[in-house]
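Participant: Got a structure here, written out as structure tokens. Questions coming.
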Amino acid sequence: MTVTTTAWPGTARIRQSYASLAEQYTAMTASYSRFPGLQQELEAFLVTLPDGPVLDLGCGAGRDAHLTSATGRTAVLADVTIELLTATATRLATPHAVCGDAIALPFRQACFAGIIASGVLLHLPKPYTAAALTGIHRTLRPGGRALISMKHGGRDGWRTTEEFPAPRWFSYYEPEEFADACRAVGLRVVHLDKSTRKDWFTATTERPPSGGGG
Ligand SMILES: C[S@@+](CC[C@H](N)C(=O)[O-])C[C@H]1O[C@@H](n2cnc3c(N)ncnc32)[C@H](O)[C@@H]1O
């Protein structure tokens with residue numbers, strides 16, 4: 001397995017794409033209306049977490065951080081696109097916002113009870129996934145959990161869509177392949193669920209209380 005820990009140059013292009021479409025992207029994704037079942041999945045995830053703050057990694061318009069705050073927890077926003085992050089932090093009126101790359105998470109170890117990574121790790125080519133998952137493992141408290149949503153069934157590469165006409169990289173995993181990548185960095189895979197939302201699946205993972213894998 002190749003583990004790459006330096007920044008991927010393509011992230012600059014992705015950041016530019018999200019910055020250029022920040023307003024439209026916010027209008028499309030700031031609420032759950034286009035994501036049937038997602039709110040319930042997140043609520044079910046949040047109740048399983050130990051006490052403590054939750055990171056919304058690749059927060060975009062902050063839909064999941066907003067839901068997290070509504071449950072009484074501190075939600076921390078992180079995103080590599082400063083323009084989107086700033087607008088989201090202003091709209092949610094939160095000081096807890098950090099600009100950073102998923103492959104080099106700028107947080108101390110064991111500081112989060114939970115991490116939500118909705119549709120962000122798929123923007124990294126596969127050799128970079130291990131670095132991002134290692135960062136998730138490192139920043140979760142023992143017993144803390146991460147809910148990671150990814151896509152399956154496509155061919156990796158740059159794409160544009162009618163709704164998002166700026167280039168983004170997509171990596172596609174089969175769910176078991178992604179589960180193996182999680183286990184390889186010491187995360188226990190609690191659930192692997194194919195979503196009812198098209199080609200999405202979610203991996204619920206845990207940093208084992210003992211520090212072991214599984
Ligand atoms: C598909 S959007 C998902 C946004 C939000 N999580 C949601 O579900 O609506 C991907 C987000 O990840 C951010 N992103 C992309 N690559 C990233 C990276 N390497 N590190 C941190 N954030 C990244 C983008 O700026 C964008 O806000």
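Starting from 1 in every chain, residues are counted up; chains themselves are A, B, ... following the order of the structure tokens, and ligands are numbered from 1 as listed.
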Return as JSON lines the residues of stretch 14-97 of chain A lying at most 12 Å from stretch 147-156 of chain A, together with the closest atom-to-atom pair for each and the distance in Å to one decimal, counting only C-alpha atoms, with rows in chain order and ascending residue number.
Facilitator:
```
{"residue": "A:Leu38", "atom": "CA", "partner": "A:Ser149", "partner_atom": "CA", "distance": 10.4}
{"residue": "A:Glu41", "atom": "CA", "partner": "A:Leu147", "partner_atom": "CA", "distance": 9.5}
{"residue": "A:Leu42", "atom": "CA", "partner": "A:Leu147", "partner_atom": "CA", "distance": 8.2}
{"residue": "A:Glu43", "atom": "CA", "partner": "A:Leu147", "partner_atom": "CA", "distance": 11.2}
{"residue": "A:Ala44", "atom": "CA", "partner": "A:Leu147", "partner_atom": "CA", "distance": 10.7}
{"residue": "A:Phe45", "atom": "CA", "partner": "A:Leu147", "partner_atom": "CA", "distance": 7.4}
{"residue": "A:Leu46", "atom": "CA", "partner": "A:Leu147", "partner_atom": "CA", "distance": 9.4}
{"residue": "A:Thr48", "atom": "CA", "partner": "A:Leu147", "partner_atom": "CA", "distance": 11.1}
{"residue": "A:Leu49", "atom": "CA", "partner": "A:Leu147", "partner_atom": "CA", "distance": 10.8}
{"residue": "A:Val54", "atom": "CA", "partner": "A:Leu147", "partner_atom": "CA", "distance": 10.8}
{"residue": "A:Leu55", "atom": "CA", "partner": "A:Leu147", "partner_atom": "CA", "distance": 10.5}
{"residue": "A:Asp56", "atom": "CA", "partner": "A:Leu147", "partner_atom": "CA", "distance": 9.9}
{"residue": "A:Leu57", "atom": "CA", "partner": "A:Ile148", "partner_atom": "CA", "distance": 9.5}
{"residue": "A:Gly58", "atom": "CA", "partner": "A:Ile148", "partner_atom": "CA", "distance": 10.8}
{"residue": "A:Asp64", "atom": "CA", "partner": "A:Leu147", "partner_atom": "CA", "distance": 11.1}
```
Participant: Could those selected residues go to a file with N, CA, C and O atoms, as a CSV table (one decimal), in the first residue's frame?
Facilitator:
```csv
chain,number,residue,atom,x,y,z
A,38,LEU,N,-30.7,11.2,5.2
A,38,LEU,CA,-29.3,11.5,5.7
A,38,LEU,C,-29.4,12.1,7.1
A,38,LEU,O,-28.6,11.8,8.0
A,41,GLU,N,-29.8,9.4,9.6
A,41,GLU,CA,-28.6,8.6,9.7
A,41,GLU,C,-27.6,9.3,10.6
A,41,GLU,O,-26.9,8.7,11.5
A,42,LEU,N,-27.5,10.6,10.5
A,42,LEU,CA,-26.6,11.4,11.3
A,42,LEU,C,-27.1,11.5,12.7
A,42,LEU,O,-26.3,11.4,13.7
A,43,GLU,N,-28.4,11.6,12.9
A,43,GLU,CA,-28.9,11.7,14.3
A,43,GLU,C,-28.6,10.3,15.0
A,43,GLU,O,-28.2,10.3,16.2
A,44,ALA,N,-28.8,9.2,14.3
A,44,ALA,CA,-28.5,7.9,14.9
A,44,ALA,C,-27.0,7.8,15.2
A,44,ALA,O,-26.7,7.2,16.2
A,45,PHE,N,-26.2,8.4,14.4
A,45,PHE,CA,-24.7,8.3,14.6
A,45,PHE,C,-24.4,9.2,15.8
A,45,PHE,O,-23.6,8.7,16.7
A,46,LEU,N,-24.9,10.4,15.9
A,46,LEU,CA,-24.6,11.3,17.0
A,46,LEU,C,-24.9,10.7,18.4
A,46,LEU,O,-24.1,10.9,19.3
A,48,THR,N,-24.6,7.8,19.4
A,48,THR,CA,-23.7,6.7,19.8
A,48,THR,C,-22.3,7.3,20.3
A,48,THR,O,-21.5,6.5,20.8
A,49,LEU,N,-22.1,8.6,20.2
A,49,LEU,CA,-20.8,9.1,20.5
A,49,LEU,C,-20.6,9.4,22.0
A,49,LEU,O,-21.5,9.8,22.7
A,54,VAL,N,-17.4,17.5,18.0
A,54,VAL,CA,-17.5,16.7,16.8
A,54,VAL,C,-17.0,17.6,15.6
A,54,VAL,O,-17.3,18.7,15.5
A,55,LEU,N,-16.1,16.9,14.8
A,55,LEU,CA,-15.5,17.6,13.7
A,55,LEU,C,-16.4,17.4,12.4
A,55,LEU,O,-16.7,16.2,12.2
A,56,ASP,N,-16.8,18.4,11.7
A,56,ASP,CA,-17.4,18.3,10.4
A,56,ASP,C,-16.3,18.5,9.4
A,56,ASP,O,-16.0,19.7,9.1
A,57,LEU,N,-15.7,17.4,8.9
A,57,LEU,CA,-14.5,17.5,8.0
A,57,LEU,C,-14.9,17.6,6.6
A,57,LEU,O,-15.7,16.8,6.1
A,58,GLY,N,-14.5,18.7,5.9
A,58,GLY,CA,-15.0,19.0,4.6
A,58,GLY,C,-16.4,19.5,4.7
A,58,GLY,O,-17.3,19.0,4.0
A,64,ASP,N,-24.2,19.5,8.3
A,64,ASP,CA,-24.1,18.5,9.3
A,64,ASP,C,-23.5,19.1,10.6
A,64,ASP,O,-23.9,18.6,11.7
```
Participant: Leaving out A:Ala19 and any residue of its chain fewer than 4 positions from it, which residues lie within 12 Å of it when counting only C-alpha atoms, given as number ranges by chain?
Facilitator: A: 12-15, 23-26, 60-61, 79-87, 164, 166-168
Participant: Just the helix (DSSP H, G or I) stuff from stretch 36-192 of chain A, please, per backbone DSSP, written as a ChimeraX atom specification.
Facilitator: /A:38-46,63-70,82-92,102-104,121-123,126-139,175-184
Participant: Write out as number ranges by chain each polymer residue whose atoms come within 12 Å of stretch 185-193 of chain A, counting only C-alpha atoms; drop sequence neighbours fewer than 2 positions from it.
Facilitator: A: 1, 3, 41, 45, 48, 129-152, 174-183, 195-197, 199-214
Participant: Using only C-alpha atoms for the distances, tell me which of A:Ala104, A:Ala27, A:Pro50, A:Ile116 is nearest to A:Leu67.
Facilitator: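 Closest residue, counting only C-alpha atoms: A:Ile116.
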Participant: When distances are computed from only C-alpha atoms, which of A:Leu121, A:Val47, A:Ala97, A:Ala113 shows the smallest separation from A:Gly62?
Facilitator: A:Ala97
Participant: Determine the nearest neighbour of A:His66 from the options A:Thr88, A:Gln16, A:Gln40, A:Ser171, counting only C-alpha atoms.
Facilitator: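 Using only C-alpha atoms, A:His66 sits closest to A:Thr88.
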Participant: Can you work out which one of A:Thr90, A:Thr160, A:Thr29, A:Ser69 has the shortest atom-to-atom distance to ligand 1, counting only C-alpha atoms and all ligand atoms?
Facilitator: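 Using only C-alpha atoms and all ligand atoms, ligand 1 sits closest to A:Thr29.
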Participant: Which distance in Å separates atom CA of A:Ala117 and atom CA of A:Leu105, to one decimal?
Facilitator: 12.4 Å
Participant: Pick from A:Gly119, A:Pro53, A:Pro36, A:Pro9: nearest to ligand 1, with only C-alpha atoms and all ligand atoms counted?
Facilitator: A:Gly119
Participant: Which neighbours of A:His123 fall inside 6 Å, counting only C-alpha atoms, when residues of the same chain fewer than 2 positions from it are skipped, and could you give them as a list in words?
Facilitator: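 Close residues of A:His123: Val120, Leu121, Trp169 and Phe170 of chain A.
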Participant: Extract the full set of strand (DSSP E or B) residues from stretch 9-195 of chain A according to DSSP on the backbone, and format it as a ChimeraX atom specification.
Facilitator: /A:54-57,75-79,97-99,112-118,140-151,157-159,168-170,172,188-194
Participant: Pick the closest to A:Pro127 from A:Ile103, A:Cys111, A:Ala65, A:Cys59: which is it, counting only C-alpha atoms?
Facilitator: A:Ile103
Participant: Kindly give the distance, in Å, that separates atom CA of A:Leu124 and atom CA of A:Ala102, rounded to a single decimal.
Facilitator: 9.0 Å
Participant: Please measure the separation of atom CA of A:Ala110 and atom CA of A:Arg73, giving the value in Å to one decimal.
Facilitator: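 A separation of 16.6 Å between them.
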